[in-house]
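Structure record follows, encoded as structure tokens.
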Amino acid sequence: MMENVISAIDMPPLIEQPKQVDLLIGDQVYRLLDDATFKESWHNLYSACAWATAFQSWEFIVSWYHVFRSDYIPVLLKSEQEGRLTGLLAMAIPASDRSNAEGRQGSVRIVGAGEYEAEYHCWIAEPDTNDFFITNALTKLLQHYPKARIMFRFMPPGTPLAWHDQNPKWQSLSVKQAFRRPLLEIKSPEAEKAFRINNQYKTKLNRLKKLGTVKFERVTDPGVFEAVLPELALQYDFRQGGLFNKNQFRDKPLKAEFMKMLFKNGLLHVTLLRVNDDIIGSMVAVADRGWVYLQGINTHSPFYARHSPGILHFLNLGQLLAHEGVDVFDLTPGGDTYKERLATSHDQVYGLLITGSKGFRFKRLIKKELQDYLVRTGRRPMTVELQIKKQVYLLKNHLRRAKKSGYVKVIRQLLSSDKKGSPEQLYVKDLEANSRFSAMHIQKNNLNDILDFEKDETLTRWEFMENTMRLFETGHHAYTWAKEGRLMACAWFAYTDFTNQQQPQLSNIPALMHLYCHPEANDKFEQFLEHVTSIITLEINEPKLYAVHKPNSQALIRSGFQVVT
């Protein structure tokens, strides 16, 4: 059936074009990558291809193929003429589809090389042979994998698409979707204004200077990059966990190795904003041919959030890019508010799906129409999708709890948690000079410990990370105890106000709050609270320490706290 569909597609006339397109898969690809002549041919074609981006370079794709060898099967299609490489399409099959791919039955997902590590997917080709190459390459893929779903995430402007747009048969196998891309043209007058540090940010910068030496720097030494990468990965995973329930470096350790390889290959533009030795903002961006892409790592320290380190870093970065003669800072599609604020112009990129599956194509058409509708009505599709994803995630967790604990109990808990002003009680403890430390290894404001949190019966990981991010950014401090890669206990400290009709109203009191204990650490929680109290005793000059927690907390009472009456 698929072969009949493909054979019906009209091909452009041949004008001294290559006789064939070669399809290489798996080890065939790795053997070809060892060929120095092929490497040189790839470089030449990439350099001459007007629409190519850094994500189609030898350095990027070969690094990705090698680092993620266990996660993807490489797929390469190429054409040659008189010993010259004239067309190249680098793709990959996720390892989860390996059995379908090897049996050539069942659906097979074929993604652009780099998948989500690459912002743009496309082929590179000589202009005169482009249409012949890409139509034959896609035809060959569909013939080899009849149920393939060939996905190009975003194709950069200039990618030749006449072969698709002018051929109804290709259109019947595809879903093409336009996305608005914000650009910051470094040499435009608007860019100079965008990077000017106004009075608001001058005030924030001056406050940072009171905390220590503020330094913005470009990292060019591989040793320095490898030394700071763990901290950047930690900040990145923490924020991604709070916003999207993802921990990319923890869940995919090879990502760090990929970053190191890209740096050694000269494809990363890395900058840091420091206060003394603390990294408070960073950008690890892919860069090549006068373009810098907002694709990589973009972080800031949650402990300095009130100083807007992310924006201060961007402002310094813009000035550096202008000094270095960069042409364009590609802010990448997504519709984020901060990107739109920085953009000096916009253009369009395209996502493209090619498949013979009518059902899958129909689903993607529905998704496209919904996203286009959201854009037309002024809503950001990614935000709406994230909200839906989060609600589904929470619902699944509630149902899982209900199945385990009983539906009536869970419904009562949900109804109770929805009530405004859930009852909390105020406790107090006199701080004594004789501190009671334990053998526990208590950490303060340790993101690694926070990321060791495991969901329990009442709190999901997404909710915990989201709440943690908010608490850090509002000046709270976390005291944690982790053991064997699990967060066993956590207590937050801040100066706060307390209001409760049954208890006195107090302002700006030093208090513990948001207490957490892993079920397996219940017998150690009292000891943890005593240790944390002893640490805080040394850090603040106060006669009393308060605690805000649920009524009748035996752990607090046993550790020396009393209910305030």
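All residue names refer to the structure tokens as shown: chains lettered A, B, ... in order, residues numbered from 1 in each chain, ligands numbered from 1 in order.
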| Could you name the residues that touch Gly334 in chain A at 10 Å or less, counting only C-alpha atoms, but leaving out those on the same chain fewer than 2 positions away, as an NGL selection string? | :A and (179-182 or 331-332 or 336-337 or 339-340 or 380-383)
| field | Residue set, range 210-387 of chain A restricted to strand (DSSP E or B), as number ranges by chain | value | A: 214-219, 268-275, 278-288, 291-300, 328-330, 345-355
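Between Leu394 in chain A and the candidates A:Gln425, A:Thr299, A:Asn245, A:Asn446, the tightest atom-to-atom separation, counting only C-alpha atoms, involves A:Asn245.
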Just the helix (DSSP H, G or I) stuff from range 160-385 of chain A, please, per backbone DSSP, written as a compact mmCIF listing (two decimals) with N, CA and C atoms, in the first residue's frame.
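Final output, saved to selection26.txt:
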# COMPACT_ATOMS: atom_id res chain seq x y z
N ALA A 162 9.66 23.83 -1.86
CA ALA A 162 8.79 23.85 -3.05
C ALA A 162 8.36 22.44 -3.43
N TRP A 163 9.24 21.45 -3.28
CA TRP A 163 8.91 20.06 -3.59
C TRP A 163 7.70 19.58 -2.81
N HIS A 164 7.50 20.16 -1.63
CA HIS A 164 6.36 19.80 -0.79
C HIS A 164 5.16 20.69 -1.09
N ASP A 165 5.39 21.99 -1.11
CA ASP A 165 4.28 22.94 -1.21
C ASP A 165 3.58 22.88 -2.57
N PRO A 168 0.66 18.05 -4.33
CA PRO A 168 -0.44 17.59 -3.46
C PRO A 168 -0.21 16.21 -2.86
N LYS A 169 0.53 15.36 -3.56
CA LYS A 169 0.74 14.01 -3.03
C LYS A 169 1.63 14.03 -1.80
N TRP A 170 2.69 14.86 -1.79
CA TRP A 170 3.50 14.99 -0.59
C TRP A 170 2.68 15.63 0.53
N GLN A 171 1.86 16.58 0.18
CA GLN A 171 1.02 17.24 1.19
C GLN A 171 0.06 16.25 1.83
N PRO A 189 19.82 49.04 15.78
CA PRO A 189 19.71 50.07 16.83
C PRO A 189 18.85 49.61 18.00
N GLU A 190 17.82 48.81 17.72
CA GLU A 190 16.94 48.32 18.78
C GLU A 190 17.69 47.42 19.76
N ALA A 191 18.69 46.68 19.25
CA ALA A 191 19.46 45.80 20.12
C ALA A 191 20.24 46.58 21.16
N GLU A 192 20.81 47.68 20.74
CA GLU A 192 21.57 48.52 21.68
C GLU A 192 20.68 49.00 22.82
N LYS A 193 19.44 49.36 22.48
CA LYS A 193 18.49 49.79 23.51
C LYS A 193 18.10 48.62 24.42
N ALA A 194 17.92 47.44 23.81
CA ALA A 194 17.50 46.27 24.59
C ALA A 194 18.53 45.87 25.62
N ASN A 199 17.67 52.04 34.98
CA ASN A 199 17.81 52.35 36.41
C ASN A 199 17.35 51.21 37.31
N GLN A 200 16.28 50.50 36.88
CA GLN A 200 15.78 49.38 37.69
C GLN A 200 16.86 48.32 37.89
N TYR A 201 17.55 47.97 36.80
CA TYR A 201 18.55 46.92 36.89
C TYR A 201 19.88 47.44 37.43
N LYS A 202 20.13 48.74 37.29
CA LYS A 202 21.31 49.32 37.94
C LYS A 202 21.18 49.19 39.45
N THR A 203 19.96 49.39 39.96
CA THR A 203 19.72 49.25 41.40
C THR A 203 19.98 47.82 41.85
N LYS A 204 19.48 46.86 41.06
CA LYS A 204 19.70 45.45 41.40
C LYS A 204 21.19 45.10 41.33
N LEU A 205 21.87 45.64 40.34
CA LEU A 205 23.30 45.38 40.20
C LEU A 205 24.08 45.96 41.38
N ASN A 206 23.71 47.15 41.80
CA ASN A 206 24.38 47.78 42.94
C ASN A 206 24.16 46.97 44.21
N ARG A 207 22.98 46.40 44.37
CA ARG A 207 22.71 45.56 45.54
C ARG A 207 23.56 44.30 45.52
N LEU A 208 23.75 43.75 44.32
CA LEU A 208 24.62 42.59 44.19
C LEU A 208 26.05 42.94 44.56
N LYS A 209 26.50 44.12 44.16
CA LYS A 209 27.87 44.54 44.44
C LYS A 209 28.12 44.67 45.94
N LYS A 210 27.07 44.94 46.69
CA LYS A 210 27.22 45.02 48.14
C LYS A 210 27.46 43.64 48.76
N LEU A 211 27.06 42.59 48.02
CA LEU A 211 27.25 41.23 48.51
C LEU A 211 28.64 40.68 48.18
N PRO A 222 38.39 24.45 28.32
CA PRO A 222 37.61 23.22 28.58
C PRO A 222 37.65 22.79 30.04
N GLY A 223 38.79 22.98 30.71
CA GLY A 223 38.89 22.60 32.11
C GLY A 223 37.96 23.40 32.99
N VAL A 224 37.86 24.70 32.71
CA VAL A 224 36.95 25.55 33.48
C VAL A 224 35.51 25.14 33.22
N PHE A 225 35.18 24.86 31.95
CA PHE A 225 33.81 24.47 31.62
C PHE A 225 33.44 23.17 32.34
N GLU A 226 34.32 22.20 32.32
CA GLU A 226 34.02 20.93 33.00
C GLU A 226 33.89 21.13 34.50
N ALA A 227 34.61 22.10 35.04
CA ALA A 227 34.54 22.35 36.48
C ALA A 227 33.22 22.99 36.89
N VAL A 228 32.67 23.88 36.04
CA VAL A 228 31.44 24.59 36.41
C VAL A 228 30.19 23.85 35.94
N LEU A 229 30.33 22.91 35.00
CA LEU A 229 29.16 22.25 34.43
C LEU A 229 28.27 21.57 35.48
N PRO A 230 28.81 20.88 36.50
CA PRO A 230 27.92 20.27 37.50
C PRO A 230 27.02 21.28 38.20
N GLU A 231 27.53 22.47 38.51
CA GLU A 231 26.70 23.49 39.14
C GLU A 231 25.64 24.01 38.17
N LEU A 232 26.00 24.20 36.92
CA LEU A 232 25.03 24.67 35.92
C LEU A 232 23.93 23.62 35.72
N ALA A 233 24.34 22.35 35.67
CA ALA A 233 23.36 21.27 35.50
C ALA A 233 22.41 21.21 36.69
N LEU A 234 22.95 21.44 37.89
CA LEU A 234 22.14 21.41 39.11
C LEU A 234 21.10 22.53 39.09
N GLN A 235 21.53 23.75 38.76
CA GLN A 235 20.59 24.87 38.68
C GLN A 235 19.55 24.63 37.59
N TYR A 236 19.99 24.07 36.48
CA TYR A 236 19.07 23.81 35.36
C TYR A 236 18.02 22.78 35.74
N ASP A 237 18.47 21.67 36.33
CA ASP A 237 17.52 20.62 36.72
C ASP A 237 16.56 21.10 37.79
N PHE A 238 17.04 21.94 38.71
CA PHE A 238 16.17 22.44 39.76
C PHE A 238 15.02 23.26 39.16
N ARG A 239 15.35 24.17 38.28
CA ARG A 239 14.30 25.02 37.70
C ARG A 239 13.39 24.23 36.76
N GLN A 240 13.98 23.32 35.98
CA GLN A 240 13.18 22.48 35.10
C GLN A 240 12.23 21.60 35.91
N GLY A 241 12.70 21.14 37.08
CA GLY A 241 11.85 20.33 37.93
C GLY A 241 10.65 21.08 38.44
N GLY A 242 10.86 22.35 38.83
CA GLY A 242 9.76 23.16 39.34
C GLY A 242 8.78 23.58 38.27
N LEU A 243 9.30 23.90 37.08
CA LEU A 243 8.43 24.39 36.01
C LEU A 243 7.78 23.27 35.20
N PHE A 244 8.54 22.21 34.91
CA PHE A 244 8.08 21.21 33.94
C PHE A 244 8.11 19.78 34.47
N GLN A 248 16.62 16.99 33.41
CA GLN A 248 17.26 16.44 32.21
C GLN A 248 18.64 15.85 32.47
N PHE A 249 19.45 16.50 33.28
CA PHE A 249 20.79 15.97 33.52
C PHE A 249 20.75 14.75 34.43
N ARG A 250 19.87 14.76 35.42
CA ARG A 250 19.74 13.59 36.30
C ARG A 250 19.15 12.40 35.55
N ASP A 251 18.13 12.67 34.74
CA ASP A 251 17.46 11.59 34.03
C ASP A 251 18.26 11.12 32.82
N LEU A 254 24.08 11.39 30.13
CA LEU A 254 24.90 11.57 28.94
C LEU A 254 24.83 12.99 28.40
N LYS A 255 23.83 13.74 28.83
CA LYS A 255 23.70 15.12 28.35
C LYS A 255 24.93 15.95 28.71
N ALA A 256 25.48 15.72 29.91
CA ALA A 256 26.68 16.44 30.33
C ALA A 256 27.87 16.08 29.44
N GLU A 257 28.01 14.79 29.09
CA GLU A 257 29.09 14.37 28.22
C GLU A 257 28.94 14.99 26.83
N PHE A 258 27.71 15.10 26.36
CA PHE A 258 27.45 15.73 25.07
C PHE A 258 27.87 17.19 25.10
N MET A 259 27.53 17.89 26.18
CA MET A 259 27.92 19.29 26.31
C MET A 259 29.45 19.45 26.28
N LYS A 260 30.14 18.57 26.99
CA LYS A 260 31.60 18.64 27.01
C LYS A 260 32.19 18.45 25.62
N MET A 261 31.61 17.51 24.87
CA MET A 261 32.12 17.25 23.53
C MET A 261 31.86 18.43 22.60
N LEU A 262 30.67 19.03 22.71
CA LEU A 262 30.38 20.21 21.89
C LEU A 262 31.34 21.35 22.21
N PHE A 263 31.66 21.51 23.50
CA PHE A 263 32.59 22.57 23.89
C PHE A 263 33.96 22.33 23.28
N LYS A 264 34.44 21.09 23.36
CA LYS A 264 35.75 20.78 22.79
C LYS A 264 35.77 20.97 21.28
N PRO A 302 18.55 30.21 42.35
CA PRO A 302 17.32 30.61 43.04
C PRO A 302 17.60 31.44 44.29
N PHE A 303 18.81 31.34 44.83
CA PHE A 303 19.14 32.06 46.06
C PHE A 303 19.35 33.55 45.82
N TYR A 304 19.52 33.94 44.56
CA TYR A 304 19.70 35.35 44.21
C TYR A 304 18.54 35.87 43.35
N ALA A 305 17.43 35.17 43.36
CA ALA A 305 16.33 35.46 42.43
C ALA A 305 15.83 36.90 42.54
N ARG A 306 15.79 37.45 43.74
CA ARG A 306 15.24 38.81 43.88
C ARG A 306 16.12 39.87 43.22
N HIS A 307 17.34 39.50 42.84
CA HIS A 307 18.23 40.43 42.16
C HIS A 307 18.14 40.30 40.64
N PRO A 309 19.05 37.81 38.46
CA PRO A 309 20.34 37.47 37.83
C PRO A 309 20.21 37.04 36.38
N GLY A 310 19.06 36.42 36.02
CA GLY A 310 18.87 35.99 34.64
C GLY A 310 18.86 37.16 33.68
N ILE A 311 18.12 38.21 34.02
CA ILE A 311 18.05 39.40 33.16
C ILE A 311 19.39 40.12 33.13
N LEU A 312 20.03 40.26 34.28
CA LEU A 312 21.35 40.92 34.32
C LEU A 312 22.35 40.16 33.46
N HIS A 313 22.27 38.84 33.48
CA HIS A 313 23.17 38.05 32.64
C HIS A 313 22.88 38.31 31.17
N PHE A 314 21.60 38.33 30.78
CA PHE A 314 21.22 38.59 29.39
C PHE A 314 21.75 39.95 28.92
N LEU A 315 21.62 40.97 29.76
CA LEU A 315 22.05 42.31 29.38
C LEU A 315 23.56 42.34 29.14
N ASN A 316 24.31 41.68 29.99
CA ASN A 316 25.76 41.61 29.81
C ASN A 316 26.12 40.78 28.58
N LEU A 317 25.37 39.70 28.36
CA LEU A 317 25.63 38.83 27.22
C LEU A 317 25.43 39.59 25.91
N GLY A 318 24.38 40.38 25.83
CA GLY A 318 24.12 41.14 24.62
C GLY A 318 25.27 42.08 24.29
N GLN A 319 25.80 42.75 25.30
CA GLN A 319 26.93 43.65 25.08
C GLN A 319 28.16 42.89 24.61
N LEU A 320 28.37 41.69 25.16
CA LEU A 320 29.51 40.87 24.74
C LEU A 320 29.35 40.41 23.29
N LEU A 321 28.15 39.96 22.93
CA LEU A 321 27.92 39.49 21.56
C LEU A 321 28.17 40.62 20.55
N ALA A 322 27.76 41.83 20.90
CA ALA A 322 28.02 42.99 20.01
C ALA A 322 29.51 43.22 19.87
N HIS A 323 30.23 43.12 20.97
CA HIS A 323 31.69 43.32 20.96
C HIS A 323 32.37 42.23 20.12
N GLU A 324 31.84 41.01 20.15
CA GLU A 324 32.44 39.90 19.42
C GLU A 324 32.04 39.87 17.95
N THR A 337 7.63 35.24 27.16
CA THR A 337 7.53 36.69 27.31
C THR A 337 8.88 37.38 27.23
N TYR A 338 9.88 36.80 27.91
CA TYR A 338 11.18 37.46 27.93
C TYR A 338 11.83 37.46 26.55
N LYS A 339 11.55 36.45 25.74
CA LYS A 339 12.08 36.41 24.38
C LYS A 339 11.45 37.53 23.54
N GLU A 340 10.15 37.69 23.69
CA GLU A 340 9.47 38.73 22.92
C GLU A 340 9.95 40.12 23.33
N ARG A 341 10.28 40.28 24.60
CA ARG A 341 10.75 41.58 25.09
C ARG A 341 12.12 41.91 24.49
N LEU A 342 12.95 40.90 24.26
CA LEU A 342 14.29 41.13 23.74
C LEU A 342 14.34 41.18 22.21
N LYS A 358 -2.58 7.38 8.22
CA LYS A 358 -3.66 8.37 8.18
C LYS A 358 -4.13 8.74 9.59
N GLY A 359 -4.15 7.75 10.49
CA GLY A 359 -4.60 8.02 11.85
C GLY A 359 -3.67 8.96 12.59
N PHE A 360 -2.37 8.71 12.49
CA PHE A 360 -1.41 9.57 13.19
C PHE A 360 -1.39 10.96 12.57
N ARG A 361 -1.47 11.02 11.24
CA ARG A 361 -1.49 12.32 10.57
C ARG A 361 -2.72 13.12 11.00
N PHE A 362 -3.87 12.45 11.15
CA PHE A 362 -5.09 13.14 11.56
C PHE A 362 -4.93 13.72 12.97
N LYS A 363 -4.33 12.95 13.87
CA LYS A 363 -4.11 13.44 15.24
C LYS A 363 -3.22 14.69 15.24
N ARG A 364 -2.18 14.67 14.40
CA ARG A 364 -1.29 15.82 14.35
C ARG A 364 -1.96 17.02 13.71
N LEU A 365 -2.85 16.78 12.75
CA LEU A 365 -3.61 17.89 12.16
C LEU A 365 -4.50 18.55 13.20
N ILE A 366 -5.16 17.72 14.05
CA ILE A 366 -6.01 18.26 15.10
C ILE A 366 -5.17 19.09 16.07
N LYS A 367 -4.00 18.56 16.45
CA LYS A 367 -3.11 19.29 17.36
C LYS A 367 -2.67 20.61 16.75
N LYS A 368 -2.33 20.59 15.46
CA LYS A 368 -1.93 21.81 14.77
C LYS A 368 -3.04 22.85 14.79
N GLU A 369 -4.27 22.42 14.48
CA GLU A 369 -5.39 23.36 14.46
C GLU A 369 -5.63 23.96 15.85
N LEU A 370 -5.52 23.14 16.89
CA LEU A 370 -5.70 23.64 18.25
C LEU A 370 -4.62 24.66 18.61
N GLN A 371 -3.38 24.36 18.26
CA GLN A 371 -2.29 25.28 18.56
C GLN A 371 -2.46 26.59 17.79
N ASP A 372 -2.83 26.49 16.52
CA ASP A 372 -3.04 27.70 15.71
C ASP A 372 -4.18 28.54 16.29
N TYR A 373 -5.23 27.87 16.78
CA TYR A 373 -6.35 28.59 17.39
C TYR A 373 -5.90 29.33 18.65
N LEU A 374 -5.10 28.68 19.47
CA LEU A 374 -4.61 29.32 20.70
C LEU A 374 -3.78 30.55 20.37
N VAL A 375 -2.93 30.44 19.34
CA VAL A 375 -2.11 31.58 18.94
C VAL A 375 -2.98 32.73 18.47
N ARG A 376 -4.01 32.41 17.67
CA ARG A 376 -4.90 33.46 17.16
C ARG A 376 -5.66 34.15 18.28
N PRO A 381 0.49 28.28 23.26
CA PRO A 381 0.17 26.85 23.25
C PRO A 381 0.96 26.04 24.27
N MET A 382 2.25 26.34 24.44
CA MET A 382 3.07 25.58 25.38
C MET A 382 2.57 25.73 26.81
N THR A 383 2.07 26.92 27.16
CA THR A 383 1.54 27.15 28.50
C THR A 383 0.27 26.35 28.73
N VAL A 384 -0.63 26.37 27.74
CA VAL A 384 -1.88 25.62 27.85
C VAL A 384 -1.59 24.12 27.94
N GLU A 385 -0.70 23.63 27.08
CA GLU A 385 -0.34 22.21 27.10
C GLU A 385 0.27 21.81 28.45
